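Pasting model_8.txt here (compact mmCIF, C-alpha atoms):
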# COMPACT_ATOMS: atom_id res chain seq x y z
CA MET V 1 -25.62 -7.02 26.79
CA LYS V 2 -25.04 -8.65 23.43
CA ARG V 3 -21.95 -7.82 21.42
CA MET V 4 -22.29 -7.19 17.70
CA THR V 5 -20.61 -9.71 15.44
CA ARG V 6 -17.87 -8.64 13.02
CA ASP V 7 -20.46 -8.84 10.23
CA GLU V 8 -22.97 -6.73 12.12
CA VAL V 9 -20.32 -4.07 12.68
CA ALA V 10 -19.45 -4.21 8.98
CA ALA V 11 -23.11 -3.74 8.07
CA ARG V 12 -23.30 -0.79 10.47
CA VAL V 13 -20.29 0.86 8.80
CA ALA V 14 -21.84 0.28 5.39
CA ARG V 15 -24.94 2.22 6.43
CA ASP V 16 -22.81 5.37 6.77
CA ILE V 17 -21.27 5.21 3.29
CA PRO V 18 -23.27 7.39 0.92
CA GLU V 19 -23.86 7.12 -2.79
CA GLY V 20 -20.95 8.47 -4.80
CA ALA V 21 -18.35 8.01 -2.07
CA TYR V 22 -14.77 7.05 -2.98
CA VAL V 23 -13.84 4.51 -0.32
CA ASN V 24 -10.82 2.45 0.66
CA LEU V 25 -11.46 -0.59 2.84
CA GLY V 26 -8.35 -1.66 4.74
CA ILE V 27 -6.99 -5.18 4.83
CA GLY V 28 -8.74 -7.56 7.23
CA ALA V 29 -12.13 -7.01 8.84
CA PRO V 30 -12.86 -3.75 6.96
CA THR V 31 -13.04 -5.68 3.68
CA LYS V 32 -16.28 -7.22 5.03
CA VAL V 33 -17.95 -3.82 4.66
CA ALA V 34 -18.07 -4.40 0.90
CA ASN V 35 -20.50 -7.27 1.48
CA TYR V 36 -23.06 -4.88 3.00
CA LEU V 37 -22.95 -1.93 0.62
CA PRO V 38 -26.48 -1.64 -0.79
CA ALA V 39 -26.74 -2.58 -4.45
CA ASP V 40 -28.78 0.54 -5.19
CA ARG V 41 -25.92 2.87 -4.20
CA GLU V 42 -23.04 3.54 -6.59
CA ILE V 43 -19.94 3.55 -4.39
CA PHE V 44 -16.38 3.56 -5.75
CA LEU V 45 -14.01 1.16 -4.00
CA HIS V 46 -10.33 2.07 -4.24
CA SER V 47 -7.49 -0.38 -3.74
CA GLU V 48 -4.09 1.21 -3.21
CA ASN V 49 -2.25 -1.17 -5.50
CA GLY V 50 -3.92 0.64 -8.39
CA LEU V 51 -7.62 0.30 -9.10
CA LEU V 52 -10.87 2.18 -8.66
CA GLY V 53 -14.21 0.49 -9.16
CA MET V 54 -13.13 -2.73 -7.51
CA GLY V 55 -15.68 -5.51 -7.73
CA PRO V 56 -16.17 -8.72 -5.75
CA ALA V 57 -14.02 -11.82 -5.85
CA PRO V 58 -14.15 -13.64 -9.19
CA ALA V 59 -15.90 -16.97 -9.67
CA PRO V 60 -13.66 -19.97 -9.03
CA GLY V 61 -11.41 -20.54 -12.02
CA LYS V 62 -11.73 -16.90 -13.18
CA GLU V 63 -8.93 -15.54 -10.98
CA ASP V 64 -6.33 -13.35 -12.71
CA PRO V 65 -2.99 -13.03 -10.86
CA GLU V 66 -2.63 -9.55 -12.34
CA LEU V 67 -5.97 -8.35 -10.98
CA ILE V 68 -5.60 -8.29 -7.20
CA ASN V 69 -6.41 -6.05 -4.25
CA ALA V 70 -4.14 -4.60 -1.59
CA GLY V 71 -4.38 -7.86 0.34
CA LYS V 72 -3.09 -9.62 -2.81
CA GLU V 73 -6.39 -11.49 -3.21
CA PRO V 74 -8.00 -11.88 -6.66
CA VAL V 75 -10.75 -9.35 -7.37
CA THR V 76 -12.72 -8.06 -10.36
CA LEU V 77 -13.14 -4.64 -11.95
CA LEU V 78 -16.59 -3.13 -12.40
CA GLU V 79 -17.63 -1.50 -15.66
CA GLY V 80 -16.27 2.04 -15.50
CA GLY V 81 -13.40 1.02 -13.27
CA ALA V 82 -9.82 2.11 -13.92
CA TYR V 83 -6.22 1.01 -13.38
CA PHE V 84 -3.41 3.39 -12.46
CA HIS V 85 0.13 3.40 -11.10
CA HIS V 86 1.25 3.85 -7.50
CA GLY V 87 2.01 7.56 -7.88
CA ASP V 88 -1.58 8.24 -8.89
CA SER V 89 -2.99 5.82 -6.36
CA PHE V 90 -1.26 7.46 -3.41
CA ALA V 91 -2.07 10.94 -4.74
CA MET V 92 -5.71 9.88 -4.42
CA MET V 93 -5.03 8.98 -0.78
CA ARG V 94 -2.57 11.61 0.37
CA GLY V 95 -4.18 14.34 -1.71
CA GLY V 96 -7.51 14.16 0.11
CA HIS V 97 -9.49 12.72 -2.80
CA LEU V 98 -10.81 9.67 -0.97
CA ASP V 99 -13.96 10.38 0.99
CA ILE V 100 -13.72 7.54 3.48
CA CYS V 101 -11.27 4.89 4.56
CA VAL V 102 -12.13 2.10 6.97
CA LEU V 103 -9.20 0.74 8.96
CA GLY V 104 -8.60 -1.82 11.66
CA ALA V 105 -6.77 -0.76 14.81
CA PHE V 106 -4.72 -1.98 17.75
CA GLN V 107 -5.55 1.22 19.61
CA VAL V 108 -7.30 4.55 19.12
CA SER V 109 -6.71 7.38 21.54
CA ALA V 110 -9.31 9.76 22.96
CA HIS V 111 -8.05 12.47 20.59
CA GLY V 112 -8.09 10.26 17.52
CA ASP V 113 -4.52 9.03 17.31
CA LEU V 114 -4.37 5.70 15.53
CA ALA V 115 -2.03 2.75 16.15
CA ASN V 116 -2.56 -0.08 13.69
CA TRP V 117 0.71 -1.03 12.02
CA HIS V 118 3.12 -2.40 14.59
CA THR V 119 2.97 -3.78 18.10
CA GLY V 120 6.45 -2.48 18.81
CA ALA V 121 7.49 -5.93 20.04
CA PRO V 122 11.26 -6.25 19.55
CA GLU V 123 11.02 -9.57 17.69
CA ALA V 124 8.25 -8.38 15.33
CA ILE V 125 9.29 -7.58 11.76
CA PRO V 126 7.73 -4.20 10.99
CA ALA V 127 5.55 -3.71 7.89
CA VAL V 128 3.57 -0.55 7.25
CA GLY V 129 2.27 -0.61 3.66
CA GLY V 130 -0.26 2.14 2.97
CA ALA V 131 -1.64 2.46 6.50
CA MET V 132 -0.01 5.81 7.25
CA ASP V 133 -1.08 7.29 3.92
CA LEU V 134 -4.70 6.27 4.46
CA ALA V 135 -4.73 7.52 8.03
CA ILE V 136 -3.69 11.06 7.11
CA GLY V 137 -5.15 11.23 3.63
CA ALA V 138 -8.82 10.26 3.55
CA LYS V 139 -11.37 12.98 4.32
CA GLN V 140 -12.96 10.71 6.93
CA VAL V 141 -11.18 7.90 8.73
CA PHE V 142 -13.43 5.22 10.19
CA VAL V 143 -11.98 2.61 12.51
CA MET V 144 -13.59 -0.80 12.87
CA MET V 145 -12.43 -2.86 15.84
CA ASP V 146 -13.47 -4.85 18.87
CA LEU V 147 -13.67 -2.45 21.79
CA LEU V 148 -11.75 -4.80 24.06
CA THR V 149 -8.81 -7.10 23.49
CA LYS V 150 -9.22 -10.80 24.18
CA GLY V 151 -7.70 -10.07 27.58
CA GLY V 152 -10.39 -7.45 28.27
CA GLU V 153 -8.23 -4.35 27.87
CA SER V 154 -9.77 -1.38 26.14
CA LYS V 155 -8.44 -0.56 22.66
CA LEU V 156 -9.89 2.91 23.12
CA VAL V 157 -7.28 4.56 25.32
CA ALA V 158 -6.23 7.91 26.74
CA GLU V 159 -2.89 7.68 24.90
CA CYS V 160 -1.72 4.97 22.49
CA THR V 161 1.07 2.79 23.83
CA TYR V 162 1.69 1.09 20.47
CA PRO V 163 3.65 2.95 17.75
CA LEU V 164 1.44 5.52 16.03
CA THR V 165 0.16 5.32 12.46
CA GLY V 166 -1.18 8.87 12.45
CA ILE V 167 -1.95 11.71 14.82
CA ALA V 168 -5.52 12.95 15.47
CA CYS V 169 -6.72 11.30 12.28
CA VAL V 170 -9.67 9.09 13.35
CA ASP V 171 -13.17 10.50 12.93
CA ARG V 172 -15.45 7.65 13.98
CA ILE V 173 -14.94 4.32 15.78
CA TYR V 174 -17.24 1.37 15.12
CA THR V 175 -16.95 -1.36 17.72
CA ASP V 176 -18.85 -4.43 18.81
CA LEU V 177 -20.30 -2.48 21.76
CA ALA V 178 -20.68 1.13 20.64
CA VAL V 179 -20.19 3.64 17.84
CA ILE V 180 -18.20 6.64 18.97
CA ASP V 181 -17.27 9.91 17.28
CA VAL V 182 -13.96 11.67 17.92
CA THR V 183 -14.75 15.39 18.16
CA ASP V 184 -12.83 18.49 19.17
CA ALA V 185 -14.86 18.43 22.38
CA GLY V 186 -13.97 14.79 23.12
CA LEU V 187 -15.44 11.35 22.49
CA ARG V 188 -19.17 11.28 21.77
CA VAL V 189 -21.13 8.02 21.94
CA ILE V 190 -23.59 7.71 19.09
CA GLU V 191 -24.93 4.22 19.72
CA MET V 192 -24.55 1.43 22.23
CA VAL V 193 -25.73 -2.17 22.14
CA ASP V 194 -28.85 -2.94 24.15
CA GLY V 195 -28.18 -3.25 27.85
CA LEU V 196 -25.01 -1.15 27.84
CA THR V 197 -24.93 2.16 29.72
CA LEU V 198 -22.63 5.13 29.32
CA GLU V 199 -21.41 4.51 32.85
CA ARG V 200 -20.50 0.90 32.09
CA LEU V 201 -18.85 1.91 28.81
CA GLY V 202 -16.78 4.41 30.76
CA GLU V 203 -15.70 1.70 33.18
CA LEU V 204 -14.73 -0.63 30.34
CA THR V 205 -12.67 1.98 28.50
CA GLY V 206 -11.40 4.27 31.24
CA VAL V 207 -11.66 7.30 28.97
CA PRO V 208 -14.03 10.29 29.27
CA LEU V 209 -17.17 9.74 27.20
CA ALA V 210 -20.36 11.70 26.64
CA LEU V 211 -23.51 10.93 24.71
CA ALA V 212 -23.79 12.59 21.32
CA GLU V 213 -26.43 15.30 21.29
CA GLN V 214 -28.00 14.02 18.10
CA PRO V 215 -27.60 10.29 17.59
CA ALA V 216 -26.86 9.52 13.96
CA MET N 1 17.58 2.60 -36.55
CA ILE N 2 16.87 2.66 -32.83
CA ASP N 3 16.03 -0.75 -31.44
CA LYS N 4 15.92 -1.15 -27.66
CA THR N 5 14.95 -4.80 -27.77
CA MET N 6 17.49 -7.21 -26.33
CA ALA N 7 18.02 -10.82 -27.35
CA SER N 8 17.59 -12.28 -23.89
CA PRO N 9 17.09 -11.43 -20.21
CA ALA N 10 20.75 -12.34 -19.66
CA ALA N 11 21.89 -9.76 -22.21
CA ALA N 12 19.58 -7.15 -20.69
CA VAL N 13 21.03 -7.44 -17.18
CA ALA N 14 24.65 -8.21 -18.11
CA ASP N 15 26.09 -4.89 -16.86
CA ILE N 16 24.36 -4.72 -13.46
CA PHE N 17 27.35 -4.28 -11.18
CA ASP N 18 28.21 -5.26 -7.61
CA GLY N 19 26.81 -2.68 -5.20
CA ALA N 20 24.23 -1.37 -7.68
CA THR N 21 20.88 0.05 -6.57
CA VAL N 22 18.13 -1.82 -8.41
CA MET N 23 14.41 -1.06 -8.42
CA ILE N 24 12.19 -4.06 -9.01
CA GLY N 25 8.57 -3.49 -10.01
CA GLY N 26 5.62 -5.44 -8.70
CA PHE N 27 3.16 -5.58 -5.84
CA GLY N 28 3.59 -9.06 -4.49
CA THR N 29 3.96 -11.11 -7.65
CA ALA N 30 1.67 -8.93 -9.84
CA GLY N 31 4.03 -7.01 -12.11
CA MET N 32 7.15 -8.70 -10.78
CA PRO N 33 9.64 -9.20 -13.64
CA ALA N 34 10.44 -12.81 -12.74
CA GLU N 35 12.58 -13.66 -15.79
CA LEU N 36 14.75 -10.54 -15.36
CA ILE N 37 15.28 -11.43 -11.69
CA ASP N 38 16.22 -14.98 -12.63
CA ALA N 39 18.74 -13.56 -15.11
CA LEU N 40 20.14 -11.26 -12.42
CA ILE N 41 20.60 -14.23 -10.08
CA ALA N 42 22.43 -16.13 -12.81
CA GLN N 43 24.55 -13.07 -13.65
CA GLY N 44 25.86 -12.99 -10.09
CA ALA N 45 25.97 -9.29 -9.08
CA ARG N 46 26.31 -8.94 -5.30
CA GLU N 47 25.87 -6.39 -2.52
CA LEU N 48 22.77 -5.00 -4.21
CA THR N 49 20.37 -2.46 -2.75
CA ILE N 50 16.86 -3.45 -3.82
CA ILE N 51 13.80 -1.20 -3.93
CA ASN N 52 10.45 -3.00 -4.07
CA ASN N 53 7.13 -2.71 -2.27
CA ASN N 54 7.65 -6.07 -0.59
CA ALA N 55 10.56 -8.31 0.32
CA GLY N 56 9.77 -11.38 -1.73
CA ASN N 57 7.01 -13.98 -1.76
CA GLY N 58 7.50 -17.73 -1.61
CA ASP N 59 10.78 -19.01 -2.99
CA SER N 60 10.94 -17.51 -6.49
CA GLY N 61 11.58 -14.08 -7.99
CA LEU N 62 12.77 -11.51 -5.45
CA ALA N 63 12.71 -14.14 -2.69
CA ALA N 64 15.16 -16.25 -4.71
CA LEU N 65 17.46 -13.22 -5.18
CA LEU N 66 17.45 -12.74 -1.41
CA ALA N 67 18.01 -16.45 -0.79
CA ALA N 68 21.06 -16.30 -3.09
CA ARG N 69 22.55 -13.69 -0.68
CA ARG N 70 22.91 -11.05 -3.36
CA VAL N 71 21.10 -8.28 -1.47
CA ARG N 72 22.76 -6.09 1.16
CA LYS N 73 19.81 -3.79 1.79
CA ILE N 74 16.15 -3.65 0.88
CA VAL N 75 13.98 -0.53 0.80
CA CYS N 76 10.30 -1.46 1.00
CA SER N 77 6.97 -0.80 2.71
CA PHE N 78 5.63 -4.24 3.51
CA PRO N 79 8.26 -6.94 4.06
CA ARG N 80 6.34 -9.16 6.46
CA GLN N 81 3.79 -11.40 4.75
CA SER N 82 2.50 -14.91 5.20
CA ASP N 83 5.01 -16.15 2.61
CA SER N 84 8.02 -13.89 3.25
CA GLN N 85 9.98 -16.61 5.01
CA VAL N 86 13.20 -15.98 3.07
CA PHE N 87 13.36 -12.33 4.07
CA ASP N 88 12.22 -13.08 7.62
CA GLY N 89 15.09 -15.52 8.13
CA LEU N 90 17.75 -13.16 6.75
CA PHE N 91 16.38 -10.22 8.75
CA ARG N 92 16.28 -12.11 12.05
CA ALA N 93 19.84 -13.32 11.41
CA GLY N 94 20.96 -9.73 10.84
CA GLU N 95 22.06 -10.55 7.30
CA ILE N 96 20.02 -7.93 5.47
CA GLU N 97 19.44 -4.25 6.13
CA LEU N 98 15.85 -2.97 5.99
CA GLU N 99 14.73 0.59 5.30
CA LEU N 100 11.00 0.60 5.98
CA VAL N 101 9.13 3.35 4.09
CA PRO N 102 5.38 4.04 4.11
CA GLN N 103 4.04 2.89 0.76
CA GLY N 104 2.95 6.32 -0.45
CA ASN N 105 6.25 7.86 0.61
CA LEU N 106 8.03 5.12 -1.30
CA ALA N 107 5.95 6.03 -4.36
CA CYS N 108 6.42 9.79 -4.11
CA ARG N 109 10.14 9.53 -3.30
CA ILE N 110 10.54 7.45 -6.46
CA GLU N 111 8.44 9.99 -8.35
CA ALA N 112 10.61 12.81 -6.99
CA ALA N 113 13.76 11.14 -8.30
CA GLY N 114 12.23 10.70 -11.73
CA ALA N 115 10.99 14.26 -11.80
CA GLY N 116 14.33 15.75 -10.81
CA LEU N 117 13.15 17.15 -7.47
CA GLY N 118 15.62 17.69 -4.62
CA ALA N 119 13.25 16.58 -1.85
CA ILE N 120 9.60 16.52 -0.88
CA PHE N 121 7.54 17.42 2.18
CA THR N 122 5.01 14.67 2.84
CA PRO N 123 2.34 14.52 5.56
CA THR N 124 2.54 10.73 5.73
CA GLY N 125 4.36 9.42 8.76
CA TYR N 126 4.53 12.74 10.62
CA GLY N 127 4.76 12.11 14.35
CA THR N 128 5.52 8.40 13.94
CA THR N 129 8.66 6.40 14.54
CA LEU N 130 9.22 6.22 10.77
CA ALA N 131 9.80 9.98 10.77
CA ALA N 132 12.03 9.99 13.83
CA GLY N 133 15.02 12.29 13.39
CA LYS N 134 13.74 13.71 10.12
CA GLU N 135 13.21 17.39 9.52
CA ALA N 136 9.57 18.47 9.86
CA ARG N 137 7.87 21.66 8.78
CA ARG N 138 4.42 23.16 9.27
CA ILE N 139 3.05 24.52 6.00
CA ASP N 140 -0.37 26.20 5.94
CA GLY N 141 -1.22 24.68 9.29
CA ARG N 142 -0.34 21.12 8.39
CA ASP N 143 2.72 19.14 9.46
CA TYR N 144 5.05 17.55 6.92
CA VAL N 145 8.20 15.43 6.95
CA LEU N 146 11.16 16.11 4.67
CA GLU N 147 11.93 13.05 2.57
CA TYR N 148 14.60 12.63 -0.10
CA PRO N 149 14.22 11.11 -3.56
CA ILE N 150 14.87 7.42 -4.21
CA GLY N 151 16.59 6.85 -7.53
CA ALA N 152 18.39 3.81 -8.86
CA ASP N 153 21.08 2.61 -11.23
CA PHE N 154 18.68 0.11 -12.81
CA ALA N 155 14.94 -0.59 -12.78
CA LEU N 156 13.60 -4.01 -13.69
CA ILE N 157 9.91 -3.80 -14.54
CA LYS N 158 7.19 -5.81 -16.27
CA ALA N 159 4.79 -4.44 -18.85
CA GLN N 160 2.39 -6.04 -21.29
CA ARG N 161 3.55 -4.70 -24.65
CA ALA N 162 6.37 -2.56 -25.99
CA ASP N 163 7.65 -1.32 -29.32
CA ARG N 164 11.32 -1.02 -30.32
CA TRP N 165 11.43 2.57 -29.07
CA GLY N 166 10.54 1.39 -25.55
CA ASN N 167 6.99 2.73 -25.36
CA LEU N 168 5.05 0.64 -22.84
CA VAL N 169 1.50 -0.34 -21.96
CA TYR N 170 0.70 -2.41 -18.91
CA ARG N 171 -1.87 -4.98 -17.84
CA LYS N 172 -4.39 -4.46 -14.99
CA THR N 173 -2.91 -4.10 -11.50
CA ALA N 174 0.48 -5.35 -12.71
CA ARG N 175 1.11 -1.69 -13.62
CA ASN N 176 1.67 -0.66 -9.97
CA PHE N 177 5.26 0.65 -9.61
CA GLY N 178 6.34 0.18 -13.25
CA PRO N 179 5.68 3.68 -14.62
CA ILE N 180 7.24 5.53 -11.69
CA MET N 181 10.28 3.26 -11.41
CA ALA N 182 10.90 3.58 -15.15
CA ARG N 183 11.36 7.31 -14.65
CA ALA N 184 13.63 7.03 -11.61
CA ALA N 185 16.42 4.75 -12.86
CA ARG N 186 19.35 5.57 -15.09
CA CYS N 187 18.75 2.32 -16.99
CA THR N 188 15.25 0.87 -17.12
CA ILE N 189 14.83 -2.67 -18.38
CA ALA N 190 11.29 -3.77 -19.22
CA GLN N 191 10.24 -7.36 -19.76
CA VAL N 192 7.07 -7.58 -21.84
CA SER N 193 4.73 -10.26 -23.10
CA ALA N 194 4.97 -8.98 -26.67
CA THR N 195 6.93 -6.51 -28.77
CA VAL N 196 4.87 -4.88 -31.50
CA GLU N 197 5.66 -2.77 -34.56
CA LEU N 198 6.09 0.99 -34.20
CA GLY N 199 2.69 2.60 -34.50
CA GLU N 200 0.74 -0.35 -33.18
CA LEU N 201 0.54 1.11 -29.67
CA ASP N 202 -2.10 3.84 -29.66
CA PRO N 203 -0.19 7.03 -28.72
CA GLU N 204 -3.23 8.07 -26.65
CA VAL N 205 -2.85 5.08 -24.35
CA ILE N 206 0.93 4.68 -24.04
CA VAL N 207 1.54 4.77 -20.28
CA THR N 208 5.35 4.95 -20.26
CA PRO N 209 6.89 6.87 -23.17
CA GLY N 210 10.08 5.30 -24.48
CA ILE N 211 12.34 8.07 -23.21
CA PHE N 212 12.09 6.38 -19.79
CA VAL N 213 13.00 2.92 -21.09
CA GLN N 214 16.47 1.83 -22.22
CA ARG N 215 16.02 -1.90 -22.84
CA VAL N 216 13.11 -4.21 -23.72
CA VAL N 217 13.04 -7.99 -23.48
CA SER N 218 10.17 -10.04 -24.85
CA ILE N 219 9.27 -13.09 -22.75
CA GLU N 220 7.14 -15.77 -24.37
CA GLU N 221 4.05 -16.49 -22.31
CA ALA N 222 4.17 -20.00 -20.96
Let's see the structure in the file written out as structure tokens.
Amino acid sequence: MKRMTRDEVAARVARDIPEGAYVNLGIGAPTKVANYLPADREIFLHSENGLLGMGPAPAPGKEDPELINAGKEPVTLLEGGAYFHHGDSFAMMRGGHLDICVLGAFQVSAHGDLANWHTGAPEAIPAVGGAMDLAIGAKQVFVMMDLLTKGGESKLVAECTYPLTGIACVDRIYTDLAVIDVTDAGLRVIEMVDGLTLERLGELTGVPLALAEQPA
Amino acid sequence: MIDKTMASPAAAVADIFDGATVMIGGFGTAGMPAELIDALIAQGARELTIINNNAGNGDSGLAALLAARRVRKIVCSFPRQSDSQVFDGLFRAGEIELELVPQGNLACRIEAAGAGLGAIFTPTGYGTTLAAGKEARRIDGRDYVLEYPIGADFALIKAQRADRWGNLVYRKTARNFGPIMARAARCTIAQVSATVELGELDPEVIVTPGIFVQRVVSIEEA
């Protein structure tokens, strides 16, 4: 059984993003998805600090401190891109105008609850940013995460033990071992890495799983 | 003749009083009105409540205002960053109050204040600890949280250009909270890179009409 690398998972997510989609890629690993969007598809990347049509990082020396992404890294604007204020930006998110957001996660529950903003540790300083707006706002919420923690605990759980970001908001989970849909009927496994069985995946996660009827 | 331009940042912030609620524009340092903040530090007002997306970066700007112990409470969405050491230290020592607000709720609560609304129902945060104890309501099958407007005595924002009537245009992602904060404060002070003659700003592209801006300070680009 060979785990997918972070880049392979990012490339797998990119395959599911269609031409014309308005997409927000969360801070961290999800930003890698941008590297795998096919050049022949026009896809609009949104950054919640106020731009649509976000392009790649600028060449060295071309950085502009007033042209940054939500992770406060320098970016570029594609031709046709636009700037707007925070009211408009979060209307795009909360108002259901974004087609897809891709978020990292600490935990996802079997019914699609998401925990990705706070460990709840008493000494941790909480910071939430736009995570809760993305979780409840985008038409489809994709999560990209390792299936297991470094300690081997499943991040796919019956109920989240970390503080929630949103309730029943996750649609699809892309992990290094499997791609899983959250449906009204329960979790449906779309793909697994070679050598992994549904039975073994069930043992690793401890949550009820079934194979999807029609693999995507 | 109406002329909202002020001679200096110091003159623009002179009447900010102890205990005032002050919005400060910017997302990180993009759009942060650094010279107005420096003037506020020099002016000396204390016990401030600050509204900003973050809680200061590095040692300058908002971080310097915090380090000078002028801030009693901060309302923000994302205080913890790799370079938020000033805030982190004050928070762990119990020397600053934090109201953590999801970023979109921060934006729409500011918008509500500027638009004269009494409250809003927002879906963001429903069922989370950040909505604990708040009134919730199901509307058309969806759950919402009641949130109240966030207004301010003053807003300090950064724009690119202004005219003497206070019309503003912004630059790139430095726009962020500027336009909505300008509407939500009783006195909005904009620092700009240039002040231009009336009529030079295309009325089709003015982002913040001057009715929302009380004072303008031009800061020479370094």
Determine, counting all atoms listed in the file, which protein, DNA and RNA residues have an atom within 10 Å of an atom of V:Gly96; residues of the same chain fewer than 2 positions away are not included. Present the result as an mmCIF file with C-alpha atoms, in the coordinates of the input.
data_model
loop_
_atom_site.group_PDB
_atom_site.id
_atom_site.type_symbol
_atom_site.label_atom_id
_atom_site.label_comp_id
_atom_site.auth_asym_id
_atom_site.auth_seq_id
_atom_site.Cartn_x
_atom_site.Cartn_y
_atom_site.Cartn_z
ATOM 1 C CA PHE V 90 -1.260 7.460 -3.410
ATOM 2 C CA ALA V 91 -2.070 10.940 -4.740
ATOM 3 C CA MET V 92 -5.710 9.880 -4.420
ATOM 4 C CA MET V 93 -5.030 8.980 -0.780
ATOM 5 C CA ARG V 94 -2.570 11.610 0.370
ATOM 6 C CA LEU V 98 -10.810 9.670 -0.970
ATOM 7 C CA ASP V 99 -13.960 10.380 0.990
ATOM 8 C CA ILE V 100 -13.720 7.540 3.480
ATOM 9 C CA LEU V 134 -4.700 6.270 4.460
ATOM 10 C CA ILE V 136 -3.690 11.060 7.110
ATOM 11 C CA GLY V 137 -5.150 11.230 3.630
ATOM 12 C CA ALA V 138 -8.820 10.260 3.550
ATOM 13 C CA LYS V 139 -11.370 12.980 4.320
ATOM 14 C CA GLN V 140 -12.960 10.710 6.930
#
Edge lengths and centre, in Å to one decimal, as AutoDock Vina command-line options: that's what I need for the box along x, y and z that holds all listed atoms of stretch 54-66 of chain V plus 6 Å on each side.
--center_x -9.4 --center_y -11.6 --center_z -9.5 --size_x 25.5 --size_y 29.8 --size_z 19.4
Using all atoms listed in the file, I'd like a table of the residues in chain N that come within 9 Å of chain V; for each, show the closest atom pair and its distance in Å rounded to one decimal, ordered by chain and ascending number, as CSV.
residue,atom,partner,partner_atom,distance
N:Phe27,CA,V:Asn49,CA,7.0
N:Gly28,CA,V:Lys72,CA,6.9
N:Thr29,CA,V:Pro65,CA,7.9
N:Ala30,CA,V:Glu66,CA,5.0
N:Gly31,CA,V:Glu66,CA,7.1
N:Asn53,CA,V:Gly129,CA,7.9
N:Asn54,CA,V:Gly129,CA,8.8
N:Cys76,CA,V:Gly129,CA,8.5
N:Ser77,CA,V:Gly129,CA,4.8
N:Phe78,CA,V:Ala127,CA,4.4
N:Pro79,CA,V:Ala127,CA,5.7
N:Arg80,CA,V:Ala127,CA,5.7
N:Gln81,CA,V:Ala127,CA,8.5
N:Asp88,CA,V:Ile125,CA,7.5
N:Phe91,CA,V:Ile125,CA,8.1
N:Arg92,CA,V:Glu123,CA,8.1
N:Leu100,CA,V:Ala127,CA,7.2
N:Val101,CA,V:Val128,CA,7.5
N:Pro102,CA,V:Gly129,CA,5.6
N:Gln103,CA,V:Gly129,CA,4.9
N:Gly104,CA,V:Phe90,CA,5.3
N:Asn105,CA,V:Asp133,CA,8.1
N:Ala107,CA,V:Gly87,CA,5.5
N:Cys108,CA,V:Gly87,CA,6.2
N:Ile110,CA,V:Gly87,CA,8.6
N:Glu111,CA,V:Gly87,CA,6.9
N:Thr122,CA,V:Arg94,CA,8.5
N:Pro123,CA,V:Ile136,CA,7.1
N:Thr124,CA,V:Asp133,CA,5.3
N:Gly125,CA,V:Met132,CA,5.9
N:Tyr126,CA,V:Gly166,CA,7.1
N:Gly127,CA,V:Ile167,CA,6.7
N:Thr128,CA,V:Leu164,CA,5.4
N:Thr129,CA,V:Pro163,CA,6.9
N:Arg171,CA,V:Glu66,CA,7.2
N:Lys172,CA,V:Leu67,CA,5.8
N:Thr173,CA,V:Leu67,CA,5.3
N:Ala174,CA,V:Glu66,CA,5.2
N:Arg175,CA,V:His85,CA,5.8
N:Asn176,CA,V:His85,CA,4.5
N:Phe177,CA,V:His86,CA,5.5
N:Gly178,CA,V:His85,CA,7.3
N:Pro179,CA,V:His85,CA,6.6
N:Ile180,CA,V:Gly87,CA,6.8
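Taking atom CA of N:Ala182 and atom CA of N:Val217 as the two end points, the separation is 14.4 Å.
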For each of N:Gly114, N:Ser60, N:Gly25, N:Ile16, take the minimum atom-to-atom distance to N:Glu47, counting all atoms listed in the file, then give the residue where this is smallest.
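When distances to N:Glu47 are compared using all atoms listed in the file, the smallest one comes from N:Ile16.
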Measuring atom to atom with all atoms listed in the file, identify which of V:Ala158, V:Leu201, V:Val102, V:Met4 is nearest to V:Arg172.
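Selected residue with least distance to V:Arg172: V:Val102.
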Point-to-point distance from atom CA of V:Met192 to atom CA of V:Ala212, Å rounded to tenths:
11.2 Å
Proximity to V:Ala210 - best of V:Gly186, V:Pro74, V:Gly81, V:Gly28, only C-alpha atoms:
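Counting only C-alpha atoms, the residue closest to V:Ala210 is V:Gly186.
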Which residues, written as a compact mmCIF listing (two decimals) with C-alpha atoms, in the frame of the given file, have at least one atom at most 12 Å from V:Leu177, with only C-alpha atoms counted and residues fewer than 5 positions away on the same chain left out?
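As a result, part_7.txt now contains:
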# COMPACT_ATOMS: atom_id res chain seq x y z
CA MET V 1 -25.62 -7.02 26.79
CA LYS V 2 -25.04 -8.65 23.43
CA ARG V 3 -21.95 -7.82 21.42
CA MET V 4 -22.29 -7.19 17.70
CA THR V 5 -20.61 -9.71 15.44
CA ARG V 6 -17.87 -8.64 13.02
CA GLU V 8 -22.97 -6.73 12.12
CA VAL V 9 -20.32 -4.07 12.68
CA ARG V 12 -23.30 -0.79 10.47
CA MET V 144 -13.59 -0.80 12.87
CA MET V 145 -12.43 -2.86 15.84
CA ASP V 146 -13.47 -4.85 18.87
CA LEU V 147 -13.67 -2.45 21.79
CA LEU V 148 -11.75 -4.80 24.06
CA SER V 154 -9.77 -1.38 26.14
CA LEU V 156 -9.89 2.91 23.12
CA VAL V 189 -21.13 8.02 21.94
CA ILE V 190 -23.59 7.71 19.09
CA GLU V 191 -24.93 4.22 19.72
CA MET V 192 -24.55 1.43 22.23
CA VAL V 193 -25.73 -2.17 22.14
CA ASP V 194 -28.85 -2.94 24.15
CA GLY V 195 -28.18 -3.25 27.85
CA LEU V 196 -25.01 -1.15 27.84
CA THR V 197 -24.93 2.16 29.72
CA LEU V 198 -22.63 5.13 29.32
CA ARG V 200 -20.50 0.90 32.09
CA LEU V 201 -18.85 1.91 28.81
CA GLY V 202 -16.78 4.41 30.76
CA LEU V 204 -14.73 -0.63 30.34
CA THR V 205 -12.67 1.98 28.50
